[in-house]
Amino acid sequence: MRNGIVPVRRARLALFVLLSLGSFAAAQNKDRETKVRNDRRDILADGTWHYNDLTGATAAAKSSGKPILVIFRCIPCEACAQLDEKIIERDSAVRRIMQEYECARIVRMNGVDLAKFQFDYDQSFAAFLMNADGTIYGRYGTRSHQTEEEGDVAIEGLAATLEKGLILHQIYPLNKDQFVAKTKGDKPPVSTAEKFPHLKKRDFGEELDYDGQVVKSCIHCHQVGESYRVTYRLEGQAIPQKILFPYPHPKILGLIMDPKTAATVTEVTPDSPAAKAGFLAGDEILSLNGQPMVSMADIQWTLHHLQEEKSLDVTLRRGELMIKMDFPLPEDWKEQGDISWRVTSWDLSRQVLGGMRLKDLEPSDRKALGLADDQLGLKVRHVGKYGDHRGALKAGVQVGDVITWIAGVDKNLDESSLLARLANATKPGQEVEVTLLRNGQSQRTKIRMQ
């Protein structure tokens, strides 16, 4: 009997595990649905927000004469959740200031005018300060890490940005010319996100389906960023540098900004371009290329739209002094940014790495494997298992393998640089050769590009 009982117990245990996993997945989906529905319920009950209603916020602003604060928030995403909660609860630092704005809360990208609302789509929180005529005074919201936010956003910084927005609004329209570059962005390939060809196939509507599966009906911010890259790739065009390395963080130039202020430098990295230009800790950046800066996101907007410019015109306040300076930019400075943390890089890894996610080897591991300093050596930390993300899995790649050669690239690059390199070095449908080390032994395989 004992020999017959064990398999039965194992079978029951396996069934229990399967049921538990199924229940967990269902609970996750239900939790996401609950979050989105409760957000709508609570905000509408508050009565001070225009919920998913830009038209209503604009009409109210025209009537009241107030500026508009538009907040885009991906509810299921946890990044910036603490900041969002403080805003919804009207933290004391922003309560008084927000009363001077007509406030709109947008929790989907469906139906949003992509020509007007351009920002770093890897955000789960982004804010616009606007005039009722559509002029954009400034933006707020920055990220440089997948989960951590302390160095990029703070409720005090948002309050400082809102204060500056009110000042700009009071002067308007005398200062209208200063906002031309802030309001006029790139021409998007489609007017609204649901019109991207690969999203159009999924029958997204302009509004969320609160009568059905609301989360499933939502286009997330990161899907817009992914769609830009996918569009170029499907059309066989090279992905521009500004799409691969969007919204450069000022820290790649040596400017460490204080998130509790609007645009004040807290530290300058030694020997960086910023240090060589003469920036000092405590400098308050007032304008870049004539555009008023009200946040770190504004700085990123300006950097994002630089083309072949070799330098920036900077106006800053240093103590009681107003200083103008020329800020020289090194060659290929945008490519120094790290894109591996971005949510959109998961989709890029699907396209060019078969769903692999990679990490740098420790120096001791490189030495143990006999890899030269200039030799590519990235350890596989994740292999996708589902859908189009399982290309590497189908090719036999395993977690723990070390990639030493892929699609002709054997130069020592980090994951961010390799993603960008392969994005324009490979084509959809192409099979690329891969050399990897497994337990110290070299192996070869091929991965089909998505």
# chains A, B, ... in the order shown; residues from 1 in each chain; ligands from 1

call {"tool": "residues_around", "arguments": {"residues": "Val36 of chain A", "least_positions_apart": "2", "cutoff": "12 Å", "atoms": "only C-alpha atoms", "output": "number ranges by chain"}}
result
A: 29-34, 38-43, 73-77, 106-108, 208-210, 213-218

call {"tool": "closest_atom_pairs", "arguments": {"of": "segment 310-402 of chain A", "to": "segment 221-233 of chain A", "cutoff": "8 Å", "atoms": "only C-alpha atoms", "output": "CSV"}}
result
residue,atom,partner,partner_atom,distance
A:Val343,CA,A:His222,CA,6.5
A:Thr344,CA,A:Glu226,CA,5.5
A:Asp347,CA,A:Glu226,CA,6.8
A:Leu348,CA,A:Glu226,CA,7.7

call {"tool": "write_last_selection", "arguments": {"atoms": "C-alpha atoms", "output": "PDB file, in the first residue's frame"}}
result
ATOM      1  CA  VAL A 343      10.065  48.601 -19.583  1.00  0.00           C
ATOM      2  CA  THR A 344      10.241  48.985 -23.369  1.00  0.00           C
ATOM      3  CA  ASP A 347      10.073  44.221 -25.941  1.00  0.00           C
ATOM      4  CA  LEU A 348      13.359  45.196 -27.565  1.00  0.00           C
TER       5      LEU A 348
END

call {"tool": "closest_residue", "arguments": {"among": "A:Leu199, A:Val180, A:Leu369, A:Ala159", "to": "Gly290 of chain A", "atoms": "only C-alpha atoms"}}
result
A:Val180

call {"tool": "residues_around", "arguments": {"residues": "Pro188 of chain A", "least_positions_apart": "5", "cutoff": "10 Å", "atoms": "only C-alpha atoms", "output": "VMD selection string"}}
result
chain A and resid 113 to 116 118 193 228

call {"tool": "closest_residue", "arguments": {"among": "A:Ile323, A:Ala45, A:Met296, A:Leu168", "to": "Asp152 of chain A", "atoms": "only C-alpha atoms"}}
result
A:Met296

call {"tool": "closest_atom_pairs", "arguments": {"of": "segment 269-335 of chain A", "to": "segment 125-137 of chain A", "cutoff": "9 Å", "atoms": "only C-alpha atoms", "output": "tab-separated table"}}
result
residue	atom	partner	partner_atom	distance
A:Pro292	CA	A:Tyr137	CA	8.2
A:Val294	CA	A:Tyr137	CA	8.3
A:Ala297	CA	A:Ala126	CA	8.9

call {"tool": "write_last_selection", "arguments": {"atoms": "N, CA and C atoms", "output": "mmCIF file, in the first residue's frame"}}
result
data_model
loop_
_atom_site.group_PDB
_atom_site.id
_atom_site.type_symbol
_atom_site.label_atom_id
_atom_site.label_comp_id
_atom_site.auth_asym_id
_atom_site.auth_seq_id
_atom_site.Cartn_x
_atom_site.Cartn_y
_atom_site.Cartn_z
ATOM 1 N N PRO A 292 12.253 77.844 -20.612
ATOM 2 C CA PRO A 292 12.233 77.849 -19.149
ATOM 3 C C PRO A 292 12.215 76.420 -18.602
ATOM 4 N N VAL A 294 11.353 73.973 -15.555
ATOM 5 C CA VAL A 294 10.598 73.898 -14.311
ATOM 6 C C VAL A 294 10.743 72.536 -13.635
ATOM 7 N N ALA A 297 12.327 66.784 -15.807
ATOM 8 C CA ALA A 297 11.700 66.304 -17.037
ATOM 9 C C ALA A 297 11.828 67.335 -18.151
#

call {"tool": "residues_around", "arguments": {"residues": "segment 244-252 of chain A", "least_positions_apart": "3", "cutoff": "9 Å", "atoms": "only C-alpha atoms", "output": "PyMOL selection string"}}
result
chain A and resi 119-120+142-144+229+239-241+255-257+268-269+272-273+296-297+299-305+333-339+419-420+423

call {"tool": "write_last_selection", "arguments": {"atoms": "C-alpha atoms", "output": "compact mmCIF listing (two decimals), in the first residue's frame"}}
result
# COMPACT_ATOMS: atom_id res chain seq x y z
CA PHE A 119 6.84 62.36 -22.83
CA ASP A 120 9.08 59.53 -21.71
CA THR A 142 11.46 61.26 -14.35
CA ARG A 143 12.73 57.73 -14.00
CA SER A 144 16.17 56.17 -14.27
CA ARG A 229 10.44 51.12 -32.27
CA ILE A 239 15.66 53.18 -35.47
CA PRO A 240 16.85 56.76 -34.79
CA GLN A 241 19.18 57.40 -31.89
CA LEU A 255 24.41 66.73 -13.50
CA ILE A 256 22.94 65.14 -10.38
CA MET A 257 19.69 66.99 -9.77
CA VAL A 268 28.42 67.59 -10.24
CA THR A 269 30.26 64.40 -11.18
CA SER A 272 32.17 65.03 -16.37
CA PRO A 273 31.02 67.31 -19.23
CA MET A 296 14.18 67.56 -14.44
CA ALA A 297 11.70 66.30 -17.04
CA ILE A 299 15.75 69.22 -18.95
CA GLN A 300 15.23 65.78 -20.46
CA TRP A 301 12.76 67.17 -23.01
CA THR A 302 15.38 69.65 -24.21
CA LEU A 303 18.12 67.01 -24.33
CA HIS A 304 15.84 64.57 -26.15
CA HIS A 305 15.19 67.01 -28.99
CA TRP A 333 26.79 61.52 -25.50
CA LYS A 334 23.23 60.19 -25.77
CA GLU A 335 24.53 56.66 -26.20
CA GLN A 336 26.02 56.81 -22.70
CA GLY A 337 22.51 56.43 -21.32
CA ASP A 338 21.37 53.10 -19.89
CA ILE A 339 18.21 51.77 -21.56
CA LEU A 419 20.34 46.06 -27.42
CA ALA A 420 20.89 49.32 -29.27
CA ALA A 423 18.27 46.91 -33.05

call {"tool": "select_by_dssp", "arguments": {"residues": "segment 266-349 of chain A", "states": "strand (DSSP E or B)", "output": "list in words"}}
result
Thr266, Glu267, Val268, Glu284, Ile285, Leu286, Ser287, Leu288, Gln291, Pro292, Ser311, Leu312, Asp313, Val314, Thr315, Leu316, Arg317, Arg318, Leu321, Met322, Ile323, Lys324, Met325, Asp326, Phe327 and Pro328 of chain A

call {"tool": "write_last_selection", "arguments": {"atoms": "C-alpha atoms", "output": "PDB file, in the first residue's frame"}}
result
ATOM      1  CA  THR A 266      22.832  68.889  -5.975  1.00  0.00           C
ATOM      2  CA  GLU A 267      26.109  67.407  -7.224  1.00  0.00           C
ATOM      3  CA  VAL A 268      28.416  67.589 -10.240  1.00  0.00           C
ATOM      4  CA  GLU A 284      19.527  76.479 -10.286  1.00  0.00           C
ATOM      5  CA  ILE A 285      18.975  75.886 -14.013  1.00  0.00           C
ATOM      6  CA  LEU A 286      16.567  78.540 -15.272  1.00  0.00           C
ATOM      7  CA  SER A 287      16.606  77.885 -19.012  1.00  0.00           C
ATOM      8  CA  LEU A 288      18.176  75.717 -21.706  1.00  0.00           C
ATOM      9  CA  GLN A 291      13.231  77.262 -22.804  1.00  0.00           C
ATOM     10  CA  PRO A 292      12.233  77.849 -19.149  1.00  0.00           C
ATOM     11  CA  SER A 311      26.441  72.665 -27.118  1.00  0.00           C
ATOM     12  CA  LEU A 312      23.618  74.079 -25.006  1.00  0.00           C
ATOM     13  CA  ASP A 313      22.907  77.685 -24.066  1.00  0.00           C
ATOM     14  CA  VAL A 314      22.397  77.701 -20.304  1.00  0.00           C
ATOM     15  CA  THR A 315      21.029  80.354 -17.964  1.00  0.00           C
ATOM     16  CA  LEU A 316      21.344  79.593 -14.265  1.00  0.00           C
ATOM     17  CA  ARG A 317      21.117  81.242 -10.875  1.00  0.00           C
ATOM     18  CA  ARG A 318      24.105  80.904  -8.564  1.00  0.00           C
ATOM     19  CA  LEU A 321      24.137  85.958  -9.592  1.00  0.00           C
ATOM     20  CA  MET A 322      22.483  85.232 -12.941  1.00  0.00           C
ATOM     21  CA  ILE A 323      24.985  83.374 -15.120  1.00  0.00           C
ATOM     22  CA  LYS A 324      24.935  82.465 -18.802  1.00  0.00           C
ATOM     23  CA  MET A 325      27.211  79.713 -20.030  1.00  0.00           C
ATOM     24  CA  ASP A 326      27.898  77.505 -23.028  1.00  0.00           C
ATOM     25  CA  PHE A 327      27.626  73.798 -22.250  1.00  0.00           C
ATOM     26  CA  PRO A 328      29.714  71.755 -24.768  1.00  0.00           C
TER      27      PRO A 328
END

call {"tool": "closest_residue", "arguments": {"among": "A:Gly387, A:Gly111, A:Pro270, A:Gly278", "to": "Ser191 of chain A", "atoms": "only C-alpha atoms"}}
result
A:Gly111

call {"tool": "select_by_dssp", "arguments": {"residues": "segment 37-280 of chain A", "states": "alpha helix (DSSP H)", "output": "JSON, numbers by chain"}}
result
{"A": [37, 38, 39, 40, 41, 42, 43, 44, 45, 46, 54, 55, 56, 57, 58, 59, 60, 61, 62, 63, 64, 81, 82, 83, 84, 85, 86, 87, 88, 92, 93, 94, 95, 96, 97, 98, 155, 156, 157, 158, 159, 160, 161, 162, 163, 164, 165, 166, 167, 168, 169, 170, 171, 180, 181, 182, 183, 197, 198, 199, 200, 221, 222, 223, 224, 225, 226, 227, 228, 229, 230, 231, 232, 233, 234, 241, 242, 243, 244, 273, 274, 275, 276, 277]}

call {"tool": "atom_distance", "arguments": {"atom1": "atom CA of Val432 of chain A", "atom2": "atom CA of Ser417 of chain A"}}
result
17.5 Å

call {"tool": "closest_residue", "arguments": {"among": "A:Ala263, A:Val153, A:Leu358, A:Val112", "to": "Glu206 of chain A", "atoms": "only C-alpha atoms"}}
result
A:Val112

call {"tool": "atom_distance", "arguments": {"atom1": "atom CA of Asp388 of chain A", "atom2": "atom CA of Phe72 of chain A"}}
result
28.9 Å

call {"tool": "residues_around", "arguments": {"residues": "segment 379-381 of chain A", "least_positions_apart": "2", "cutoff": "6 Å", "atoms": "only C-alpha atoms", "output": "number ranges by chain"}}
result
A: 357-359, 399-402

call {"tool": "residues_around", "arguments": {"residues": "Arg90 of chain A", "least_positions_apart": "5", "cutoff": "12 Å", "atoms": "only C-alpha atoms", "output": "list in words"}}
result
Ile43, Asp46, Thr48, Trp49, Leu83, Asp84, Glu85, Arg95, Arg96, Ile97, Met98, Gln99, Cys103, Ile155 and Ala159 of chain A

call {"tool": "write_last_selection", "arguments": {"atoms": "C-alpha atoms", "output": "PDB file, in the first residue's frame"}}
result
ATOM      1  CA  ILE A  43     -11.292  60.036  -7.749  1.00  0.00           C
ATOM      2  CA  ASP A  46     -13.435  63.295  -4.576  1.00  0.00           C
ATOM      3  CA  THR A  48     -11.890  67.746  -7.800  1.00  0.00           C
ATOM      4  CA  TRP A  49     -10.498  65.870 -10.793  1.00  0.00           C
ATOM      5  CA  LEU A  83       4.212  59.953  -5.123  1.00  0.00           C
ATOM      6  CA  ASP A  84       0.834  59.330  -6.729  1.00  0.00           C
ATOM      7  CA  GLU A  85      -0.797  58.498  -3.392  1.00  0.00           C
ATOM      8  CA  ARG A  95      -2.782  70.952  -1.639  1.00  0.00           C
ATOM      9  CA  ARG A  96      -2.824  74.749  -1.824  1.00  0.00           C
ATOM     10  CA  ILE A  97      -0.991  74.901  -5.148  1.00  0.00           C
ATOM     11  CA  MET A  98      -3.187  72.326  -6.893  1.00  0.00           C
ATOM     12  CA  GLN A  99      -6.248  74.397  -6.047  1.00  0.00           C
ATOM     13  CA  CYS A 103      -6.681  68.964 -12.600  1.00  0.00           C
ATOM     14  CA  ILE A 155       6.416  65.547  -3.637  1.00  0.00           C
ATOM     15  CA  ALA A 159       5.267  71.385  -5.530  1.00  0.00           C
TER      16      ALA A 159
END

call {"tool": "decode", "arguments": {"residues": "segment 26-76 of chain A", "atoms": "N, CA and C atoms", "output": "PDB file, in the first residue's frame"}}
result
ATOM      1  N   ALA A  26      -5.210  34.324 -11.322  1.00  0.00           N
ATOM      2  CA  ALA A  26      -6.542  34.934 -11.359  1.00  0.00           C
ATOM      3  C   ALA A  26      -6.634  36.071 -10.352  1.00  0.00           C
ATOM      4  N   ALA A  27      -6.012  35.861  -9.169  1.00  0.00           N
ATOM      5  CA  ALA A  27      -6.030  36.899  -8.137  1.00  0.00           C
ATOM      6  C   ALA A  27      -5.271  38.137  -8.590  1.00  0.00           C
ATOM      7  N   GLN A  28      -4.144  37.910  -9.295  1.00  0.00           N
ATOM      8  CA  GLN A  28      -3.369  39.046  -9.810  1.00  0.00           C
ATOM      9  C   GLN A  28      -4.202  39.862 -10.790  1.00  0.00           C
ATOM     10  N   ASN A  29      -4.863  39.174 -11.733  1.00  0.00           N
ATOM     11  CA  ASN A  29      -5.693  39.871 -12.712  1.00  0.00           C
ATOM     12  C   ASN A  29      -6.835  40.615 -12.025  1.00  0.00           C
ATOM     13  N   LYS A  30      -7.444  39.940 -11.035  1.00  0.00           N
ATOM     14  CA  LYS A  30      -8.538  40.574 -10.301  1.00  0.00           C
ATOM     15  C   LYS A  30      -8.034  41.789  -9.537  1.00  0.00           C
ATOM     16  N   ASP A  31      -6.825  41.671  -8.965  1.00  0.00           N
ATOM     17  CA  ASP A  31      -6.248  42.779  -8.213  1.00  0.00           C
ATOM     18  C   ASP A  31      -6.007  43.973  -9.121  1.00  0.00           C
ATOM     19  N   ARG A  32      -5.516  43.738 -10.337  1.00  0.00           N
ATOM     20  CA  ARG A  32      -5.285  44.823 -11.291  1.00  0.00           C
ATOM     21  C   ARG A  32      -6.610  45.470 -11.683  1.00  0.00           C
ATOM     22  N   GLU A  33      -7.611  44.647 -11.929  1.00  0.00           N
ATOM     23  CA  GLU A  33      -8.935  45.183 -12.251  1.00  0.00           C
ATOM     24  C   GLU A  33      -9.462  46.029 -11.098  1.00  0.00           C
ATOM     25  N   THR A  34      -9.299  45.511  -9.883  1.00  0.00           N
ATOM     26  CA  THR A  34      -9.794  46.220  -8.702  1.00  0.00           C
ATOM     27  C   THR A  34      -9.101  47.563  -8.536  1.00  0.00           C
ATOM     28  N   LYS A  35      -7.783  47.583  -8.740  1.00  0.00           N
ATOM     29  CA  LYS A  35      -7.030  48.829  -8.603  1.00  0.00           C
ATOM     30  C   LYS A  35      -7.562  49.906  -9.547  1.00  0.00           C
ATOM     31  N   VAL A  36      -7.760  49.531 -10.802  1.00  0.00           N
ATOM     32  CA  VAL A  36      -8.199  50.506 -11.799  1.00  0.00           C
ATOM     33  C   VAL A  36      -9.617  50.978 -11.496  1.00  0.00           C
ATOM     34  N   ARG A  37     -10.501  50.050 -11.159  1.00  0.00           N
ATOM     35  CA  ARG A  37     -11.887  50.423 -10.881  1.00  0.00           C
ATOM     36  C   ARG A  37     -11.998  51.260  -9.601  1.00  0.00           C
ATOM     37  N   ASN A  38     -11.234  50.901  -8.580  1.00  0.00           N
ATOM     38  CA  ASN A  38     -11.276  51.668  -7.337  1.00  0.00           C
ATOM     39  C   ASN A  38     -10.701  53.067  -7.522  1.00  0.00           C
ATOM     40  N   ASP A  39      -9.692  53.185  -8.374  1.00  0.00           N
ATOM     41  CA  ASP A  39      -9.123  54.509  -8.636  1.00  0.00           C
ATOM     42  C   ASP A  39     -10.179  55.426  -9.239  1.00  0.00           C
ATOM     43  N   ARG A  40     -10.908  54.909 -10.201  1.00  0.00           N
ATOM     44  CA  ARG A  40     -11.965  55.699 -10.834  1.00  0.00           C
ATOM     45  C   ARG A  40     -13.062  56.066  -9.830  1.00  0.00           C
ATOM     46  N   ARG A  41     -13.463  55.085  -9.030  1.00  0.00           N
ATOM     47  CA  ARG A  41     -14.505  55.326  -8.031  1.00  0.00           C
ATOM     48  C   ARG A  41     -14.079  56.411  -7.041  1.00  0.00           C
ATOM     49  N   ASP A  42     -12.862  56.279  -6.510  1.00  0.00           N
ATOM     50  CA  ASP A  42     -12.405  57.193  -5.463  1.00  0.00           C
ATOM     51  C   ASP A  42     -12.166  58.605  -5.992  1.00  0.00           C
ATOM     52  N   ILE A  43     -11.593  58.711  -7.195  1.00  0.00           N
ATOM     53  CA  ILE A  43     -11.292  60.036  -7.749  1.00  0.00           C
ATOM     54  C   ILE A  43     -12.580  60.770  -8.131  1.00  0.00           C
ATOM     55  N   LEU A  44     -13.522  60.040  -8.717  1.00  0.00           N
ATOM     56  CA  LEU A  44     -14.801  60.675  -9.063  1.00  0.00           C
ATOM     57  C   LEU A  44     -15.544  61.119  -7.803  1.00  0.00           C
ATOM     58  N   ALA A  45     -15.432  60.339  -6.739  1.00  0.00           N
ATOM     59  CA  ALA A  45     -16.078  60.710  -5.489  1.00  0.00           C
ATOM     60  C   ALA A  45     -15.439  61.947  -4.872  1.00  0.00           C
ATOM     61  N   ASP A  46     -14.146  62.118  -5.100  1.00  0.00           N
ATOM     62  CA  ASP A  46     -13.435  63.295  -4.576  1.00  0.00           C
ATOM     63  C   ASP A  46     -13.982  64.578  -5.185  1.00  0.00           C
ATOM     64  N   GLY A  47     -14.328  64.522  -6.476  1.00  0.00           N
ATOM     65  CA  GLY A  47     -14.987  65.647  -7.128  1.00  0.00           C
ATOM     66  C   GLY A  47     -14.101  66.787  -7.578  1.00  0.00           C
ATOM     67  N   THR A  48     -12.780  66.643  -7.419  1.00  0.00           N
ATOM     68  CA  THR A  48     -11.890  67.746  -7.800  1.00  0.00           C
ATOM     69  C   THR A  48     -11.083  67.456  -9.057  1.00  0.00           C
ATOM     70  N   TRP A  49     -11.261  66.262  -9.608  1.00  0.00           N
ATOM     71  CA  TRP A  49     -10.498  65.870 -10.793  1.00  0.00           C
ATOM     72  C   TRP A  49     -11.427  65.676 -11.987  1.00  0.00           C
ATOM     73  N   HIS A  50     -10.895  65.965 -13.170  1.00  0.00           N
ATOM     74  CA  HIS A  50     -11.544  65.589 -14.422  1.00  0.00           C
ATOM     75  C   HIS A  50     -10.935  64.240 -14.803  1.00  0.00           C
ATOM     76  N   TYR A  51     -11.720  63.174 -14.655  1.00  0.00           N
ATOM     77  CA  TYR A  51     -11.184  61.820 -14.787  1.00  0.00           C
ATOM     78  C   TYR A  51     -11.284  61.337 -16.227  1.00  0.00           C
ATOM     79  N   ASN A  52     -10.130  61.068 -16.832  1.00  0.00           N
ATOM     80  CA  ASN A  52     -10.079  60.668 -18.245  1.00  0.00           C
ATOM     81  C   ASN A  52     -10.860  61.644 -19.121  1.00  0.00           C
ATOM     82  N   ASP A  53     -10.768  62.926 -18.784  1.00  0.00           N
ATOM     83  CA  ASP A  53     -11.601  63.929 -19.456  1.00  0.00           C
ATOM     84  C   ASP A  53     -10.795  65.207 -19.710  1.00  0.00           C
ATOM     85  N   LEU A  54      -9.971  65.186 -20.741  1.00  0.00           N
ATOM     86  CA  LEU A  54      -9.183  66.368 -21.094  1.00  0.00           C
ATOM     87  C   LEU A  54     -10.081  67.490 -21.608  1.00  0.00           C
ATOM     88  N   THR A  55     -11.131  67.114 -22.308  1.00  0.00           N
ATOM     89  CA  THR A  55     -12.052  68.118 -22.844  1.00  0.00           C
ATOM     90  C   THR A  55     -12.715  68.897 -21.714  1.00  0.00           C
ATOM     91  N   GLY A  56     -13.153  68.190 -20.680  1.00  0.00           N
ATOM     92  CA  GLY A  56     -13.779  68.853 -19.539  1.00  0.00           C
ATOM     93  C   GLY A  56     -12.806  69.752 -18.798  1.00  0.00           C
ATOM     94  N   ALA A  57     -11.550  69.296 -18.631  1.00  0.00           N
ATOM     95  CA  ALA A  57     -10.546  70.107 -17.950  1.00  0.00           C
ATOM     96  C   ALA A  57     -10.240  71.372 -18.734  1.00  0.00           C
ATOM     97  N   THR A  58     -10.179  71.247 -20.059  1.00  0.00           N
ATOM     98  CA  THR A  58      -9.891  72.412 -20.900  1.00  0.00           C
ATOM     99  C   THR A  58     -11.031  73.425 -20.829  1.00  0.00           C
ATOM    100  N   ALA A  59     -12.261  72.951 -20.895  1.00  0.00           N
ATOM    101  CA  ALA A  59     -13.422  73.850 -20.811  1.00  0.00           C
ATOM    102  C   ALA A  59     -13.449  74.565 -19.465  1.00  0.00           C
ATOM    103  N   ALA A  60     -13.143  73.831 -18.395  1.00  0.00           N
ATOM    104  CA  ALA A  60     -13.128  74.435 -17.066  1.00  0.00           C
ATOM    105  C   ALA A  60     -12.040  75.491 -16.960  1.00  0.00           C
ATOM    106  N   ALA A  61     -10.861  75.236 -17.555  1.00  0.00           N
ATOM    107  CA  ALA A  61      -9.749  76.185 -17.510  1.00  0.00           C
ATOM    108  C   ALA A  61     -10.068  77.455 -18.295  1.00  0.00           C
ATOM    109  N   LYS A  62     -10.762  77.304 -19.404  1.00  0.00           N
ATOM    110  CA  LYS A  62     -11.148  78.484 -20.186  1.00  0.00           C
ATOM    111  C   LYS A  62     -12.118  79.345 -19.397  1.00  0.00           C
ATOM    112  N   SER A  63     -12.937  78.688 -18.611  1.00  0.00           N
ATOM    113  CA  SER A  63     -13.912  79.420 -17.814  1.00  0.00           C
ATOM    114  C   SER A  63     -13.288  80.067 -16.581  1.00  0.00           C
ATOM    115  N   SER A  64     -12.403  79.336 -15.907  1.00  0.00           N
ATOM    116  CA  SER A  64     -11.827  79.828 -14.647  1.00  0.00           C
ATOM    117  C   SER A  64     -10.592  80.687 -14.838  1.00  0.00           C
ATOM    118  N   GLY A  65      -9.933  80.515 -16.003  1.00  0.00           N
ATOM    119  CA  GLY A  65      -8.687  81.230 -16.228  1.00  0.00           C
ATOM    120  C   GLY A  65      -7.483  80.560 -15.593  1.00  0.00           C
ATOM    121  N   LYS A  66      -7.696  79.388 -15.004  1.00  0.00           N
ATOM    122  CA  LYS A  66      -6.600  78.662 -14.363  1.00  0.00           C
ATOM    123  C   LYS A  66      -5.783  77.876 -15.395  1.00  0.00           C
ATOM    124  N   PRO A  67      -4.535  77.535 -15.056  1.00  0.00           N
ATOM    125  CA  PRO A  67      -3.783  76.595 -15.895  1.00  0.00           C
ATOM    126  C   PRO A  67      -4.297  75.185 -15.653  1.00  0.00           C
ATOM    127  N   ILE A  68      -3.855  74.243 -16.470  1.00  0.00           N
ATOM    128  CA  ILE A  68      -4.290  72.853 -16.367  1.00  0.00           C
ATOM    129  C   ILE A  68      -3.122  71.993 -15.909  1.00  0.00           C
ATOM    130  N   LEU A  69      -3.391  71.097 -14.969  1.00  0.00           N
ATOM    131  CA  LEU A  69      -2.438  70.060 -14.584  1.00  0.00           C
ATOM    132  C   LEU A  69      -2.992  68.736 -15.081  1.00  0.00           C
ATOM    133  N   VAL A  70      -2.293  68.119 -16.018  1.00  0.00           N
ATOM    134  CA  VAL A  70      -2.707  66.824 -16.558  1.00  0.00           C
ATOM    135  C   VAL A  70      -1.733  65.770 -16.057  1.00  0.00           C
ATOM    136  N   ILE A  71      -2.251  64.786 -15.341  1.00  0.00           N
ATOM    137  CA  ILE A  71      -1.416  63.704 -14.822  1.00  0.00           C
ATOM    138  C   ILE A  71      -1.772  62.408 -15.548  1.00  0.00           C
ATOM    139  N   PHE A  72      -0.745  61.785 -16.143  1.00  0.00           N
ATOM    140  CA  PHE A  72      -0.900  60.465 -16.739  1.00  0.00           C
ATOM    141  C   PHE A  72      -0.384  59.450 -15.719  1.00  0.00           C
ATOM    142  N   ARG A  73      -1.212  58.474 -15.400  1.00  0.00           N
ATOM    143  CA  ARG A  73      -0.839  57.499 -14.376  1.00  0.00           C
ATOM    144  C   ARG A  73      -1.249  56.102 -14.790  1.00  0.00           C
ATOM    145  N   CYS A  74      -0.273  55.204 -14.911  1.00  0.00           N
ATOM    146  CA  CYS A  74      -0.554  53.797 -15.180  1.00  0.00           C
ATOM    147  C   CYS A  74      -0.835  53.144 -13.834  1.00  0.00           C
ATOM    148  N   ILE A  75      -2.099  52.893 -13.529  1.00  0.00           N
ATOM    149  CA  ILE A  75      -2.505  52.466 -12.200  1.00  0.00           C
ATOM    150  C   ILE A  75      -1.867  51.146 -11.763  1.00  0.00           C
ATOM    151  N   PRO A  76      -1.883  50.074 -12.591  1.00  0.00           N
ATOM    152  CA  PRO A  76      -1.313  48.812 -12.100  1.00  0.00           C
ATOM    153  C   PRO A  76       0.176  48.895 -11.799  1.00  0.00           C
TER     154      PRO A  76
END
